[in-house]
Amino acid sequence: MCSLLLITVSAMATEFNDGPIIKGFGKHAPVNQSRPLAGNEVFKVVFDVAKQTGEGKVNRQFNSLARFINMHVANGIKPENIHLALVVHGKAGLDVLSDAAYQKRYKQANPNQPLLALLQQANTQIFICGQSAAYYKIAKSELSQGVKMSLSAMTANALLQQQGYSVNPF
């Protein structure tokens, strides 16, 4: 019973930190792994996001990509071996608007802009579902720099899987 308590207290005391690649986002904790990474692994992962976190807030699911990058680099994976794709659809499409387009709708700058830019600098591709964009009346010209318009989220996911990407279930 005492050892269980010590383990719980020890786990609770773990500090989460950002970086080393994306500062200010993607906090992660050190883990004593049962199967440590060798350091030569290559990751090609799609994150499919449909939920908007809320007006004026950074999308927590976008932050998951920063955490993926940071925790893997902190554990010996080369940044050039991490290839991520963010496929956005549904109301989350509003979170990839440019600052000007977001300002028109919400009367403030897009809080996701800094994270989207940092993700792209870290080799992340970002796609928006064209069907969702049409539904939410999002023009291609209103997208954040670097965001690509796909025919649909289904299309983007299928094409990325053909290129060897796996879909992150979280």
# chains A, B, ... in the order shown; residues from 1 in each chain; ligands from 1
$ residues_around --residues "stretch 20-26 of chain A" --least-positions-apart "5" --cutoff "12 Å" --atoms "only C-alpha atoms" --output "PDB file with C-alpha atoms, in the first residue's frame"
ATOM      1  CA  VAL A  58      -6.222  27.468 -28.934  1.00  0.00           C
ATOM      2  CA  ASN A  59      -7.589  24.195 -30.263  1.00  0.00           C
ATOM      3  CA  ARG A  60      -6.402  21.555 -27.783  1.00  0.00           C
ATOM      4  CA  GLN A  61      -6.278  18.916 -30.495  1.00  0.00           C
ATOM      5  CA  PHE A  62      -3.909  21.097 -32.559  1.00  0.00           C
ATOM      6  CA  ASN A  63      -1.719  21.272 -29.459  1.00  0.00           C
ATOM      7  CA  SER A  64      -1.523  17.453 -29.534  1.00  0.00           C
ATOM      8  CA  LEU A  65       0.603  17.675 -32.683  1.00  0.00           C
ATOM      9  CA  ALA A  66       3.050  19.969 -30.880  1.00  0.00           C
ATOM     10  CA  ARG A  67       3.178  17.502 -27.985  1.00  0.00           C
ATOM     11  CA  PHE A  68       3.830  14.612 -30.401  1.00  0.00           C
ATOM     12  CA  ILE A  69       6.751  16.485 -31.969  1.00  0.00           C
ATOM     13  CA  ASN A  70       8.213  17.734 -28.693  1.00  0.00           C
ATOM     14  CA  MET A  71       8.023  14.468 -26.756  1.00  0.00           C
ATOM     15  CA  HIS A  72       9.527  12.412 -29.567  1.00  0.00           C
ATOM     16  CA  VAL A  73      12.405  14.806 -30.226  1.00  0.00           C
ATOM     17  CA  ALA A  74      13.020  14.997 -26.461  1.00  0.00           C
ATOM     18  CA  ASN A  75      13.339  11.198 -26.574  1.00  0.00           C
ATOM     19  CA  GLY A  76      15.910  11.030 -29.354  1.00  0.00           C
ATOM     20  CA  ILE A  77      13.902  11.096 -32.586  1.00  0.00           C
ATOM     21  CA  LYS A  78      15.356  13.389 -35.260  1.00  0.00           C
ATOM     22  CA  PRO A  79      12.931  16.185 -36.199  1.00  0.00           C
ATOM     23  CA  GLU A  80      13.337  15.297 -39.875  1.00  0.00           C
ATOM     24  CA  ILE A  82       8.632  13.234 -37.885  1.00  0.00           C
ATOM     25  CA  ASN A 112      -4.358  29.283 -33.290  1.00  0.00           C
ATOM     26  CA  PRO A 114       1.115  31.033 -33.721  1.00  0.00           C
ATOM     27  CA  LEU A 115       0.710  27.279 -33.237  1.00  0.00           C
ATOM     28  CA  LEU A 116      -0.253  26.653 -36.874  1.00  0.00           C
ATOM     29  CA  ALA A 117       2.849  28.538 -38.049  1.00  0.00           C
ATOM     30  CA  LEU A 118       5.127  26.631 -35.660  1.00  0.00           C
ATOM     31  CA  LEU A 119       3.635  23.288 -36.705  1.00  0.00           C
ATOM     32  CA  GLN A 120       4.277  24.077 -40.369  1.00  0.00           C
ATOM     33  CA  GLN A 121       7.870  25.068 -39.564  1.00  0.00           C
ATOM     34  CA  ALA A 122       8.177  21.622 -37.935  1.00  0.00           C
ATOM     35  CA  ASN A 123       7.274  19.725 -41.136  1.00  0.00           C
ATOM     36  CA  THR A 124       3.497  19.487 -40.554  1.00  0.00           C
TER      37      THR A 124
END
$ select_by_dssp --residues "stretch 10-104 of chain A" --states "alpha helix (DSSP H)" --output "PyMOL selection string"
chain A and resi 10-12+60-74+99-104
$ closest_residue --among "A:Lys57, A:Gln162, A:Lys140, A:Val49" --to "A:Tyr106" --atoms "only C-alpha atoms"
A:Lys57
$ atom_distance --atom1 "atom CA of A:Ala134" --atom2 "atom CA of A:His89"
10.6 Å
$ residues_around --residues "A:Gly130" --least-positions-apart "4" --cutoff "12 Å" --atoms "only C-alpha atoms" --output "list of chain:residue names"
A:Val87, A:Val88, A:His89, A:Gly90, A:Gly93, A:Ala134, A:Tyr135, A:Tyr136, A:Lys137, A:Ile138, A:Ala139, A:Lys140, A:Leu143, A:Val147, A:Lys148, A:Met149, A:Ser150, A:Leu151, A:Ser152, A:Ala153, A:Met154, A:Thr155, A:Ala156
$ closest_residue --among "A:Val31, A:Leu94, A:Leu159, A:Ala38" --to "A:Thr53" --atoms "only C-alpha atoms"
A:Leu94
$ residues_around --residues "A:Gln108" --least-positions-apart "5" --cutoff "10 Å" --atoms "only C-alpha atoms" --output "list of chain:residue names"
A:Glu55, A:Gly56, A:Asp99, A:Ala100, A:Ala101, A:Tyr102, A:Gln103
$ write_last_selection --atoms "C-alpha atoms" --output "mmCIF file, in the first residue's frame"
data_model
loop_
_atom_site.group_PDB
_atom_site.id
_atom_site.type_symbol
_atom_site.label_atom_id
_atom_site.label_comp_id
_atom_site.auth_asym_id
_atom_site.auth_seq_id
_atom_site.Cartn_x
_atom_site.Cartn_y
_atom_site.Cartn_z
ATOM 1 C CA GLU A 55 -13.870 31.094 -29.770
ATOM 2 C CA GLY A 56 -10.710 32.766 -28.571
ATOM 3 C CA ASP A 99 -6.289 36.412 -38.637
ATOM 4 C CA ALA A 100 -8.255 38.750 -40.921
ATOM 5 C CA ALA A 101 -10.994 36.181 -41.611
ATOM 6 C CA TYR A 102 -11.179 35.151 -37.941
ATOM 7 C CA GLN A 103 -11.364 38.828 -36.945
#
$ closest_residue --among "A:Pro169, A:Gln163, A:Ala92, A:Asn110" --to "A:Ala133" --atoms "only C-alpha atoms"
A:Ala92
$ closest_residue --among "A:Ser144, A:Thr14, A:Asn32, A:Ala85" --to "A:Lys44" --atoms "only C-alpha atoms"
A:Ala85
$ select_by_dssp --residues "chain A" --states "strand (DSSP E)" --output "ChimeraX atom specification"
/A:43-49,82-88,124-129,147-150,166-167
$ write_last_selection --atoms "N, CA and C atoms" --output "short mmCIF file (atom, residue, chain, number, x, y, z; two decimals), in the first residue's frame"
data_model
loop_
_atom_site.label_atom_id
_atom_site.label_comp_id
_atom_site.auth_asym_id
_atom_site.auth_seq_id
_atom_site.Cartn_x
_atom_site.Cartn_y
_atom_site.Cartn_z
N PHE A 43 8.25 8.56 -38.16
CA PHE A 43 6.81 8.67 -37.90
C PHE A 43 6.13 9.45 -39.01
N LYS A 44 5.04 8.89 -39.53
CA LYS A 44 4.17 9.57 -40.49
C LYS A 44 2.76 9.40 -39.94
N VAL A 45 2.23 10.47 -39.35
CA VAL A 45 0.98 10.35 -38.60
C VAL A 45 0.01 11.47 -38.98
N VAL A 46 -1.25 11.08 -39.17
CA VAL A 46 -2.34 12.03 -39.44
C VAL A 46 -3.13 12.25 -38.16
N PHE A 47 -3.42 13.50 -37.87
CA PHE A 47 -4.32 13.87 -36.77
C PHE A 47 -5.57 14.44 -37.41
N ASP A 48 -6.70 13.80 -37.17
CA ASP A 48 -7.98 14.20 -37.76
C ASP A 48 -8.77 14.97 -36.69
N VAL A 49 -9.06 16.24 -36.97
CA VAL A 49 -9.70 17.10 -35.96
C VAL A 49 -10.98 17.70 -36.51
N ILE A 82 10.02 13.07 -38.34
CA ILE A 82 8.63 13.23 -37.88
C ILE A 82 7.86 13.98 -38.96
N HIS A 83 6.91 13.29 -39.57
CA HIS A 83 6.08 13.86 -40.63
C HIS A 83 4.64 13.79 -40.16
N LEU A 84 4.07 14.95 -39.84
CA LEU A 84 2.69 14.97 -39.37
C LEU A 84 1.79 15.67 -40.37
N ALA A 85 0.53 15.29 -40.34
CA ALA A 85 -0.49 15.97 -41.14
C ALA A 85 -1.68 16.23 -40.23
N LEU A 86 -2.22 17.42 -40.35
CA LEU A 86 -3.42 17.81 -39.62
C LEU A 86 -4.54 17.93 -40.64
N VAL A 87 -5.56 17.10 -40.50
CA VAL A 87 -6.73 17.15 -41.38
C VAL A 87 -7.88 17.72 -40.55
N VAL A 88 -8.34 18.89 -40.96
CA VAL A 88 -9.35 19.63 -40.20
C VAL A 88 -10.67 19.59 -40.96
N THR A 124 4.88 19.95 -40.63
CA THR A 124 3.50 19.49 -40.55
C THR A 124 2.70 20.06 -41.72
N GLN A 125 1.99 19.18 -42.42
CA GLN A 125 1.07 19.62 -43.47
C GLN A 125 -0.30 19.84 -42.84
N ILE A 126 -1.01 20.87 -43.31
CA ILE A 126 -2.34 21.15 -42.77
C ILE A 126 -3.34 21.20 -43.92
N PHE A 127 -4.41 20.42 -43.77
CA PHE A 127 -5.46 20.35 -44.78
C PHE A 127 -6.81 20.70 -44.15
N ILE A 128 -7.66 21.35 -44.94
CA ILE A 128 -9.04 21.58 -44.52
C ILE A 128 -9.95 20.84 -45.49
N CYS A 129 -10.99 20.27 -44.95
CA CYS A 129 -12.00 19.58 -45.75
C CYS A 129 -12.77 20.61 -46.58
N VAL A 147 -2.26 26.48 -45.31
CA VAL A 147 -3.33 25.49 -45.17
C VAL A 147 -3.83 25.15 -46.57
N LYS A 148 -3.94 23.85 -46.85
CA LYS A 148 -4.34 23.38 -48.17
C LYS A 148 -5.80 22.93 -48.16
N MET A 149 -6.53 23.31 -49.20
CA MET A 149 -7.93 22.91 -49.34
C MET A 149 -7.97 21.56 -50.05
N SER A 150 -8.58 20.59 -49.40
CA SER A 150 -8.75 19.26 -49.98
C SER A 150 -10.20 19.10 -50.43
N SER A 166 -0.19 6.85 -40.83
CA SER A 166 -1.17 6.16 -39.99
C SER A 166 -2.04 7.23 -39.35
N VAL A 167 -3.25 6.86 -38.97
CA VAL A 167 -4.15 7.81 -38.33
C VAL A 167 -4.02 7.68 -36.82
#
